[in-house]
$ cat input.cif   # mmCIF, C-alpha atoms (C1' of nucleotides)
data_data
loop_
_atom_site.label_atom_id
_atom_site.label_comp_id
_atom_site.auth_asym_id
_atom_site.auth_seq_id
_atom_site.Cartn_x
_atom_site.Cartn_y
_atom_site.Cartn_z
CA MET A 1 74.14 89.98 69.92
CA THR A 2 75.52 86.58 70.79
CA ALA A 3 73.38 86.36 73.93
CA THR A 4 72.51 82.68 73.99
CA ASN A 5 72.02 82.72 77.72
CA GLY A 6 68.77 82.46 79.58
CA GLY A 7 69.27 78.70 79.70
CA PRO A 8 67.36 76.51 82.15
CA THR A 9 70.12 76.53 84.74
CA GLY A 10 70.70 80.10 83.68
CA THR A 11 74.39 80.17 82.87
CA ARG A 12 74.85 83.88 82.72
CA GLN A 13 77.53 85.44 80.60
CA ASP A 14 80.41 86.92 82.50
CA THR A 15 82.47 89.82 81.24
CA VAL A 16 85.68 87.83 81.15
CA ALA A 17 84.20 85.44 78.63
CA ALA A 18 83.43 88.39 76.38
CA VAL A 19 86.94 89.76 76.73
CA VAL A 20 88.48 86.40 75.89
CA ARG A 21 86.25 86.11 72.85
CA GLN A 22 87.49 89.48 71.64
CA TRP A 23 91.10 88.47 72.06
CA GLN A 24 90.53 85.26 70.19
CA SER A 25 89.04 87.03 67.24
CA VAL A 26 92.07 89.32 67.08
CA HIS A 27 94.71 86.65 67.77
CA PRO A 28 93.14 83.30 66.92
CA ASP A 29 96.48 81.60 67.30
CA LEU A 30 96.99 82.38 70.99
CA ASP A 31 96.01 80.07 73.82
CA THR A 32 93.83 82.29 75.95
CA ALA A 33 92.91 79.62 78.48
CA PRO A 34 94.91 81.17 81.35
CA MET A 35 92.83 84.34 81.09
CA GLU A 36 89.70 82.40 81.88
CA ILE A 37 91.14 81.55 85.25
CA ILE A 38 93.34 84.49 86.11
CA GLY A 39 91.06 87.14 84.66
CA ARG A 40 88.13 85.68 86.54
CA ILE A 41 90.00 85.43 89.81
CA ASN A 42 90.99 89.07 89.57
CA ARG A 43 87.53 90.20 88.63
CA CYS A 44 85.87 88.11 91.34
CA ALA A 45 88.30 89.49 93.89
CA ALA A 46 87.45 93.04 92.88
CA LEU A 47 83.70 92.48 92.98
CA LEU A 48 83.79 90.50 96.20
CA GLN A 49 85.86 93.14 97.87
CA GLN A 50 83.32 95.80 97.02
CA ALA A 51 80.42 93.66 98.16
CA GLU A 52 82.12 92.17 101.11
CA ASP A 53 83.38 95.37 102.54
CA ALA A 54 79.89 96.69 103.10
CA PRO A 55 79.33 95.07 106.54
CA LEU A 56 82.83 95.99 107.57
CA ARG A 57 82.46 99.62 106.66
CA ARG A 58 79.35 99.83 108.77
CA ALA A 59 81.65 99.06 111.68
CA GLY A 60 84.13 101.67 110.47
CA LEU A 61 86.80 99.16 109.51
CA SER A 62 88.60 98.56 106.26
CA ARG A 63 89.35 95.00 105.26
CA PRO A 64 93.06 95.26 106.04
CA GLU A 65 92.21 96.59 109.49
CA PHE A 66 89.79 93.74 110.06
CA ASP A 67 92.40 91.26 108.90
CA LEU A 68 94.81 92.61 111.45
CA LEU A 69 92.29 92.40 114.30
CA GLY A 70 91.24 88.99 113.06
CA ALA A 71 94.79 87.70 113.16
CA LEU A 72 94.99 88.65 116.81
CA ARG A 73 91.63 87.11 117.56
CA ARG A 74 92.12 83.82 115.81
CA THR A 75 95.61 83.13 117.08
CA GLY A 76 94.39 83.92 120.57
CA HIS A 77 97.61 85.51 121.75
CA GLU A 78 99.71 88.61 121.38
CA LEU A 79 101.60 89.17 118.15
CA THR A 80 104.52 91.42 117.33
CA PRO A 81 104.22 93.89 114.45
CA SER A 82 106.36 91.72 112.22
CA GLU A 83 104.29 88.67 112.98
CA LEU A 84 101.22 90.70 112.12
CA ALA A 85 102.80 91.72 108.83
CA ARG A 86 103.49 88.10 107.95
CA GLU A 87 100.06 87.00 109.08
CA THR A 88 98.23 89.63 107.06
CA PHE A 89 100.54 89.56 104.04
CA SER A 90 101.33 93.22 104.20
CA SER A 91 104.40 95.38 104.62
CA GLY A 92 105.78 96.40 107.97
CA ALA A 93 105.13 100.03 107.24
CA ALA A 94 101.46 99.36 106.58
CA VAL A 95 101.15 97.49 109.87
CA THR A 96 102.75 100.36 111.75
CA LYS A 97 100.19 102.77 110.34
CA ARG A 98 97.25 100.51 111.02
CA LEU A 99 98.39 99.87 114.56
CA LYS A 100 98.59 103.57 115.18
CA GLN A 101 95.00 104.06 114.10
CA LEU A 102 93.65 101.00 115.87
CA THR A 103 95.45 101.96 119.06
CA GLU A 104 93.96 105.44 118.95
CA ARG A 105 90.54 103.90 118.54
CA GLY A 106 91.15 101.71 121.57
CA LEU A 107 90.87 98.41 119.73
CA VAL A 108 94.41 97.19 120.36
CA GLU A 109 97.07 97.79 122.98
CA ARG A 110 100.82 97.45 122.85
CA ARG A 111 103.41 96.62 125.44
CA GLY A 112 107.15 96.43 125.08
CA ASP A 113 109.07 93.22 125.45
CA SER A 114 111.04 93.14 128.66
CA ARG A 115 114.05 91.30 127.29
CA ASP A 116 114.31 92.77 123.80
CA ARG A 117 113.34 96.40 123.76
CA ARG A 118 113.06 96.51 119.97
CA VAL A 119 110.01 94.35 119.86
CA ALA A 120 106.46 95.25 120.77
CA HIS A 121 103.61 92.94 121.63
CA VAL A 122 100.18 93.82 120.40
CA ARG A 123 96.93 92.49 121.80
CA LEU A 124 93.24 93.14 121.40
CA THR A 125 91.50 95.21 124.01
CA ASP A 126 88.17 93.94 125.29
CA THR A 127 86.47 96.43 123.00
CA GLY A 128 88.50 95.14 120.08
CA ARG A 129 87.69 91.54 120.80
CA ASP A 130 84.00 92.30 121.15
CA LEU A 131 84.05 94.20 117.88
CA VAL A 132 85.60 91.31 116.01
CA ASP A 133 83.26 88.80 117.60
CA GLY A 134 80.30 90.99 116.74
CA ILE A 135 81.25 91.55 113.14
CA LEU A 136 82.41 88.09 112.18
CA PRO A 137 79.02 86.35 112.15
CA GLU A 138 77.50 89.19 110.13
CA GLN A 139 80.40 89.06 107.78
CA LEU A 140 80.12 85.32 107.26
CA ALA A 141 76.37 85.50 106.82
CA TYR A 142 76.82 88.17 104.22
CA GLU A 143 79.46 86.19 102.41
CA THR A 144 77.18 83.18 102.40
CA THR A 145 74.52 85.26 100.70
CA VAL A 146 76.97 86.58 98.16
CA LEU A 147 78.04 83.07 97.24
CA SER A 148 74.56 81.63 97.24
CA GLY A 149 74.28 81.88 93.46
CA LEU A 150 76.51 78.83 93.31
CA ALA A 151 75.06 75.45 94.27
CA PRO A 152 76.55 73.94 97.46
CA ARG A 153 78.13 71.21 95.39
CA GLY A 154 79.82 73.78 93.18
CA GLN A 155 80.97 75.73 96.21
CA GLY A 156 82.73 72.72 97.60
CA GLU A 157 84.44 71.97 94.32
CA LEU A 158 85.44 75.57 93.87
CA ALA A 159 86.94 75.77 97.35
CA ALA A 160 88.87 72.56 96.75
CA LEU A 161 90.24 73.65 93.39
CA LEU A 162 91.23 77.06 94.70
CA GLY A 163 92.91 75.38 97.64
CA GLU A 164 94.87 73.19 95.30
CA LEU A 165 95.93 76.13 93.15
CA LEU A 166 96.79 78.26 96.14
CA GLY A 167 98.84 75.49 97.67
CA GLU A 168 100.87 75.27 94.50
CA LEU A 169 101.25 79.02 94.20
CA GLU A 170 102.37 79.44 97.77
CA GLY A 171 104.76 76.57 97.49
CA ARG A 172 106.26 77.58 94.21
CA LEU A 173 106.03 81.31 93.83
CA GLY A 174 109.20 82.24 95.62
CA ALA A 175 111.06 80.22 93.05
CA LEU A 176 109.37 81.68 89.97
CA ARG A 177 110.59 85.22 89.70
CA GLY A 178 110.96 85.62 85.98
CA MET B 1 86.89 65.38 110.57
CA THR B 2 86.85 67.04 107.23
CA ALA B 3 90.62 67.12 106.96
CA THR B 4 90.96 63.77 105.28
CA ASN B 5 92.83 65.09 102.31
CA GLY B 6 96.20 63.73 101.35
CA GLY B 7 94.71 63.01 97.96
CA PRO B 8 96.45 60.85 95.42
CA THR B 9 98.33 63.75 93.89
CA GLY B 10 99.51 65.09 97.23
CA THR B 11 97.38 68.06 98.19
CA ARG B 12 99.59 70.73 99.67
CA GLN B 13 98.42 72.84 102.57
CA ASP B 14 97.49 76.39 101.80
CA THR B 15 97.58 79.25 104.28
CA VAL B 16 93.86 79.88 104.08
CA ALA B 17 93.14 76.39 105.34
CA ALA B 18 95.29 77.11 108.38
CA VAL B 19 93.49 80.39 109.02
CA VAL B 20 90.10 78.74 108.77
CA ARG B 21 91.21 76.05 111.18
CA GLN B 22 92.21 78.71 113.68
CA TRP B 23 88.87 80.43 113.42
CA GLN B 24 87.02 77.19 113.89
CA SER B 25 88.87 76.38 117.05
CA VAL B 26 87.98 79.81 118.43
CA HIS B 27 84.38 79.88 117.19
CA PRO B 28 83.36 76.28 116.56
CA ASP B 29 79.77 77.36 116.03
CA LEU B 30 80.38 79.55 112.98
CA ASP B 31 80.06 78.36 109.41
CA THR B 32 83.40 79.30 107.97
CA ALA B 33 82.77 77.80 104.54
CA PRO B 34 82.62 81.16 102.72
CA MET B 35 86.16 81.94 103.84
CA GLU B 36 87.44 78.94 102.00
CA ILE B 37 86.27 80.48 98.76
CA ILE B 38 86.54 84.19 99.33
CA GLY B 39 89.75 84.06 101.30
CA ARG B 40 91.34 81.90 98.66
CA ILE B 41 90.19 84.08 95.80
CA ASN B 42 91.69 87.13 97.48
CA ARG B 43 94.92 85.40 98.28
CA CYS B 44 95.25 83.89 94.82
CA ALA B 45 94.59 87.28 93.29
CA ALA B 46 97.34 88.84 95.37
CA LEU B 47 99.88 86.14 94.58
CA LEU B 48 99.00 85.98 90.92
CA GLN B 49 99.30 89.70 90.61
CA GLN B 50 102.80 89.62 92.00
CA ALA B 51 103.84 86.73 89.82
CA GLU B 52 101.98 87.80 86.76
CA ASP B 53 103.22 91.30 86.72
CA ALA B 54 106.82 90.22 86.22
CA PRO B 55 106.68 90.02 82.41
CA LEU B 56 104.71 93.22 82.27
CA ARG B 57 107.15 95.14 84.39
CA ARG B 58 109.96 94.13 82.12
CA ALA B 59 108.10 96.11 79.48
CA GLY B 60 107.67 99.00 81.88
CA LEU B 61 103.92 98.59 82.22
CA SER B 62 101.71 98.12 85.22
CA ARG B 63 98.77 95.77 84.95
CA PRO B 64 96.19 98.55 84.83
CA GLU B 65 98.15 100.20 82.05
CA PHE B 66 98.30 96.96 80.15
CA ASP B 67 94.58 96.45 80.64
CA LEU B 68 93.93 99.83 79.11
CA LEU B 69 96.12 99.16 76.09
CA GLY B 70 94.61 95.69 75.83
CA ALA B 71 91.10 97.08 75.75
CA LEU B 72 92.05 99.21 72.76
CA ARG B 73 93.76 96.32 71.05
CA ARG B 74 91.08 93.72 71.52
CA THR B 75 88.14 95.92 70.58
CA GLY B 76 90.05 96.97 67.50
CA HIS B 77 88.75 100.50 67.43
CA GLU B 78 89.04 103.82 69.20
CA LEU B 79 87.48 104.21 72.61
CA THR B 80 86.53 107.28 74.60
CA PRO B 81 87.90 107.72 78.12
CA SER B 82 84.60 106.75 79.66
CA GLU B 83 84.38 103.63 77.55
CA LEU B 84 87.90 102.78 78.68
CA ALA B 85 86.86 103.26 82.28
CA ARG B 86 83.94 100.86 81.85
CA GLU B 87 86.05 98.39 79.95
CA THR B 88 88.84 98.30 82.52
CA PHE B 89 86.60 98.60 85.59
CA SER B 90 88.30 101.66 86.90
CA SER B 91 87.34 105.23 87.70
CA GLY B 92 87.39 108.00 85.14
CA ALA B 93 90.03 109.84 87.08
CA ALA B 94 92.35 106.85 86.99
CA VAL B 95 91.89 106.56 83.24
CA THR B 96 92.73 110.23 82.78
CA LYS B 97 96.00 109.75 84.63
CA ARG B 98 96.95 106.62 82.77
CA LEU B 99 96.16 108.19 79.43
CA LYS B 100 98.41 111.09 80.25
CA GLN B 101 101.32 108.77 80.94
CA LEU B 102 100.69 106.48 78.00
CA THR B 103 100.35 109.45 75.66
CA GLU B 104 103.65 110.85 76.86
CA ARG B 105 105.25 107.51 76.18
CA GLY B 106 103.85 107.51 72.66
CA LEU B 107 101.72 104.39 73.12
CA VAL B 108 98.33 106.01 72.57
CA GLU B 109 97.04 109.06 70.73
CA ARG B 110 93.92 111.11 71.24
CA ARG B 111 91.79 113.14 68.91
CA GLY B 112 88.75 115.21 69.66
CA ASP B 113 85.32 114.35 68.42
CA SER B 114 84.24 116.70 65.66
CA ARG B 115 80.57 116.87 66.63
CA ASP B 116 80.81 116.81 70.41
CA ARG B 117 83.83 118.65 71.62
CA ARG B 118 83.61 117.21 75.13
CA VAL B 119 84.54 113.72 74.04
CA ALA B 120 87.95 112.41 73.12
CA HIS B 121 88.78 109.34 71.09
CA VAL B 122 91.80 107.33 72.07
CA ARG B 123 93.63 104.89 69.86
CA LEU B 124 96.83 102.86 69.97
CA THR B 125 99.82 104.16 68.09
CA ASP B 126 101.74 101.66 65.98
CA THR B 127 104.29 101.45 68.77
CA GLY B 128 101.53 100.78 71.26
CA ARG B 129 99.99 98.05 69.17
CA ASP B 130 103.34 96.40 68.62
CA LEU B 131 104.06 96.54 72.33
CA VAL B 132 100.79 94.82 73.20
CA ASP B 133 101.23 92.22 70.50
CA GLY B 134 104.76 91.57 71.68
CA ILE B 135 103.88 91.22 75.34
CA LEU B 136 100.69 89.22 75.11
CA PRO B 137 102.20 85.89 74.04
CA GLU B 138 104.88 86.14 76.73
CA GLN B 139 102.25 87.03 79.25
CA LEU B 140 100.04 84.10 78.34
CA ALA B 141 102.97 81.70 78.29
CA TYR B 142 103.96 82.88 81.72
CA GLU B 143 100.44 82.53 83.03
CA THR B 144 100.29 79.02 81.64
CA THR B 145 103.40 78.17 83.61
CA VAL B 146 102.03 79.70 86.76
CA LEU B 147 98.86 77.63 86.49
CA SER B 148 100.63 74.44 85.51
CA GLY B 149 100.48 73.08 89.04
CA LEU B 150 96.84 72.34 88.37
CA ALA B 151 95.97 69.46 86.07
CA PRO B 152 94.30 70.50 82.79
CA ARG B 153 91.10 68.86 83.92
CA GLY B 154 91.11 70.89 87.11
CA GLN B 155 91.88 74.05 85.17
CA GLY B 156 88.82 73.58 83.04
CA GLU B 157 86.60 72.94 86.03
CA LEU B 158 88.03 75.90 87.88
CA ALA B 159 87.47 78.22 84.94
CA ALA B 160 83.90 77.02 84.59
CA LEU B 161 83.07 77.41 88.27
CA LEU B 162 84.65 80.85 88.42
CA GLY B 163 82.70 81.80 85.33
CA GLU B 164 79.49 80.69 86.97
CA LEU B 165 80.25 82.60 90.15
CA LEU B 166 81.34 85.68 88.28
CA GLY B 167 78.23 85.64 86.15
CA GLU B 168 76.11 85.61 89.27
CA LEU B 169 78.13 88.30 90.95
CA GLU B 170 78.03 90.60 87.97
CA GLY B 171 74.35 90.02 87.52
CA ARG B 172 73.40 90.46 91.12
CA LEU B 173 75.85 92.75 92.80
CA GLY B 174 74.26 96.02 91.84
CA ALA B 175 71.17 94.91 93.70
CA LEU B 176 72.91 93.72 96.88
CA ARG B 177 74.18 96.80 98.58
CA GLY B 178 73.79 95.86 102.21
"C1'" DA C 1 67.23 132.84 71.59
"C1'" DG C 2 68.48 131.93 76.33
"C1'" DC C 3 68.86 129.53 80.35
"C1'" DA C 4 68.53 125.13 83.15
"C1'" DA C 5 69.87 120.59 83.33
"C1'" DG C 6 72.71 116.89 81.67
"C1'" DT C 7 77.05 114.64 80.10
"C1'" DG C 8 82.11 113.74 79.27
"C1'" DT C 9 86.52 114.74 81.03
"C1'" DT C 10 89.92 116.76 84.04
"C1'" DT C 11 91.48 118.68 88.35
"C1'" DT C 12 91.84 118.75 93.28
"C1'" DA C 13 92.46 117.14 97.85
"C1'" DC C 14 92.95 113.29 100.19
"C1'" DT C 15 93.97 108.36 101.71
"C1'" DC C 16 96.63 104.41 101.67
"C1'" DG C 17 100.33 101.40 100.54
"C1'" DT C 18 105.24 100.84 99.43
"C1'" DG C 19 110.45 100.70 99.50
"C1'" DA C 20 114.26 102.75 101.36
"C1'" DA C 21 116.46 105.17 104.85
"C1'" DG C 22 116.74 105.90 109.83
"C1'" DA C 23 116.79 104.95 114.86
"C1'" DA C 24 117.15 101.92 118.61
"C1'" DT C 25 118.56 97.76 120.36
"C1'" DA C 26 120.81 92.81 120.10
"C1'" DT C 27 124.23 89.72 118.77
"C1'" DT C 28 128.57 87.98 117.03
"C1'" DC C 29 133.21 87.49 117.21
"C1'" DG C 30 138.04 89.21 116.96
"C1'" DC D 1 135.36 94.48 125.87
"C1'" DG D 2 133.79 96.70 121.70
"C1'" DA D 3 133.28 97.37 116.76
"C1'" DA D 4 130.88 95.42 112.97
"C1'" DT D 5 126.67 93.33 111.67
"C1'" DA D 6 121.85 92.06 112.08
"C1'" DT D 7 117.17 92.75 113.53
"C1'" DT D 8 112.86 95.23 114.79
"C1'" DC D 9 110.18 98.85 114.23
"C1'" DT D 10 109.22 103.65 112.56
"C1'" DT D 11 109.58 107.62 109.50
"C1'" DC D 12 109.87 109.68 105.01
"C1'" DA D 13 109.03 110.67 100.23
"C1'" DC D 14 106.55 109.22 96.71
"C1'" DG D 15 103.20 106.99 93.42
"C1'" DA D 16 98.62 105.64 92.50
"C1'" DG D 17 93.75 105.41 93.25
"C1'" DT D 18 89.33 107.67 94.68
"C1'" DA D 19 85.27 110.85 95.31
"C1'" DA D 20 83.77 115.16 94.64
"C1'" DA D 21 84.24 119.65 92.62
"C1'" DA D 22 85.27 122.11 88.59
"C1'" DC D 23 85.20 122.73 83.72
"C1'" DA D 24 83.64 122.57 79.07
"C1'" DC D 25 80.45 121.62 76.20
"C1'" DT D 26 75.65 119.97 74.55
"C1'" DT D 27 70.73 119.34 74.79
"C1'" DG D 28 66.08 120.37 75.97
"C1'" DC D 29 62.60 123.49 77.40
"C1'" DT D 30 59.99 127.73 77.26
#

$ encode --input "input.cif" --output "structure tokens"
Amino acid sequence: MTATNGGPTGTRQDTVAAVVRQWQSVHPDLDTAPMEIIGRINRCAALLQQAEDAPLRRAGLSRPEFDLLGALRRTGHELTPSELARETFSSGAAVTKRLKQLTERGLVERRGDSRDRRVAHVRLTDTGRDLVDGILPEQLAYETTVLSGLAPRGQGELAALLGELLGELEGRLGALRG
Amino acid sequence: MTATNGGPTGTRQDTVAAVVRQWQSVHPDLDTAPMEIIGRINRCAALLQQAEDAPLRRAGLSRPEFDLLGALRRTGHELTPSELARETFSSGAAVTKRLKQLTERGLVERRGDSRDRRVAHVRLTDTGRDLVDGILPEQLAYETTVLSGLAPRGQGELAALLGELLGELEGRLGALRG
DNA sequence: AGCAAGTGTTTTACTCGTGAAGAATATTCG
DNA sequence: CGAATATTCTTCACGAGTAAAACACTTGCT
């Protein structure tokens, strides 16, 4: 087929490029540039999630569970369920369910607020903290391996560009609901 | 420190940067660089999905449904359910469910293979094709708007870097199952 | 031919997330 | 004060995805 890869620096073909090519041959008039970013971000996210979750699963945690524990670990103090929801970008209901599981497994503890009896305060148990601290280095090492196909220079540029895009998206997205 | 941004165009802060900063103050010894890429890709994917789906939802389609219809449109010919699964990166079971819905809505049709009665061939109806062709330009225009916070130059670089990463991931990920 | 193994698709049983309603408690203000 | 309103968290009903079993058919082997 069109496989002109195998170049010296080995620019492999990615599936999104093929999809975009197909669209262009069907609708040559359309500007398909956004697909090359958005399609790739989605596809990378899906693949990374699969890859990335491997070390987590060995510890019996899903990524959302790890994110919740991580939020408690990195802030260093107790958080209420609603703060956890904001911090992990998930719904309150999801946090409630995760907390139930994590509490049963002895990784987090809750206590009620003394002044306002609606709110709960959640903190890591010692076991929970040790689990996070044990997993995180493995996780980061694994992620480093996964990204190692990209030269360090490229990694820096990619992180910067994604940061710029994300900053814009987070700043603007509430406004754009069309 | 590294945080000497404040670039000429006014680099906004993104939430991932804040998270990484928290981790570094708790574990100064860890190399948190991978988070700046992987965390941002995940977060961008989540935000883009929310934003991006708006025009689709107006047409009563979810993104996976649109991807399925799009696969049929862009390849230009009938596909079997398993080809659709490969093409849209989802499980066979998910494709079966989506096909059921899309068939009921009159957007796709199926016919059995004459030689091998296990296989089905799925194609767009005229309505389905018109729907895709009607939505796609809107969708792309919307995506262009969403990305417009990034300068065209940056968009090109980002697409290229993501393409490079994705190529590596797709090439290598089957092998890395740790 | 006839049966074992393989392949394409659907069904089943389950998990997980979500939005909306509900329950408990705080706050505001006439 | 106390009724209306707001807030925090939980529960419920549901939709959507998955892996594995089931099903339907084909192919290959003897």

$ interface_residues --input "input.cif" --of "chain B" --to "chain C" --cutoff "9 Å" --atoms "only C-alpha atoms (C1' of nucleotides)" --output "list in words"
Pro81, Ser82, Gly92, Ala93, Thr96, Arg118, Val119 and Ala120 of chain B

$ resolve_selection --input "input.cif" --expression "the PyMOL selection byres ((chain B) within 12 of (chain D))" --output "list in words"
Ser62, Pro64, Glu65, Ser90, Ser91, Gly92, Ala93, Ala94, Val95, Thr96, Lys97, Arg98, Asp113, Arg115, Asp116, Arg117, Arg118 and Val119 of chain B

$ resolve_selection --input "input.cif" --expression "the PyMOL selection byres ((chain B) within 8 of (chain A))" --output "ChimeraX atom specification"
/B:11-17,19,22-23,26,30-32,34-38,40-45,47-48,51,54-55,74-76,137,140,143-144,146-147,149-150,154-155,158-159,161-171,173,176-178

$ residues_near_point --input "input.cif" --point "(94.2, 102.6, 120.8)" --cutoff "12 Å" --atoms "all atoms listed in the file" --output "count of residues only"
21

$ atom_distance --input "input.cif" --atom1 "CA of Glu83 (chain B)" --atom2 "CA of Leu61 (chain B)"
20.7 Å

$ axis_aligned_box --input "input.cif" --around "region 128-134 of chain B" --padding-each-side "3 Å" --output "lines of an AutoDock Vina configuration file"
center_x = 102.4
center_y = 96.2
center_z = 70.9
size_x = 10.8
size_y = 15.2
size_z = 10.6

$ atom_distance --input "input.cif" --atom1 "CA of Leu56 (chain B)" --atom2 "CA of Ile135 (chain B)"
7.3 Å

$ atom_distance --input "input.cif" --atom1 "CA of Arg57 (chain A)" --atom2 "CA of Gly134 (chain A)"
13.4 Å
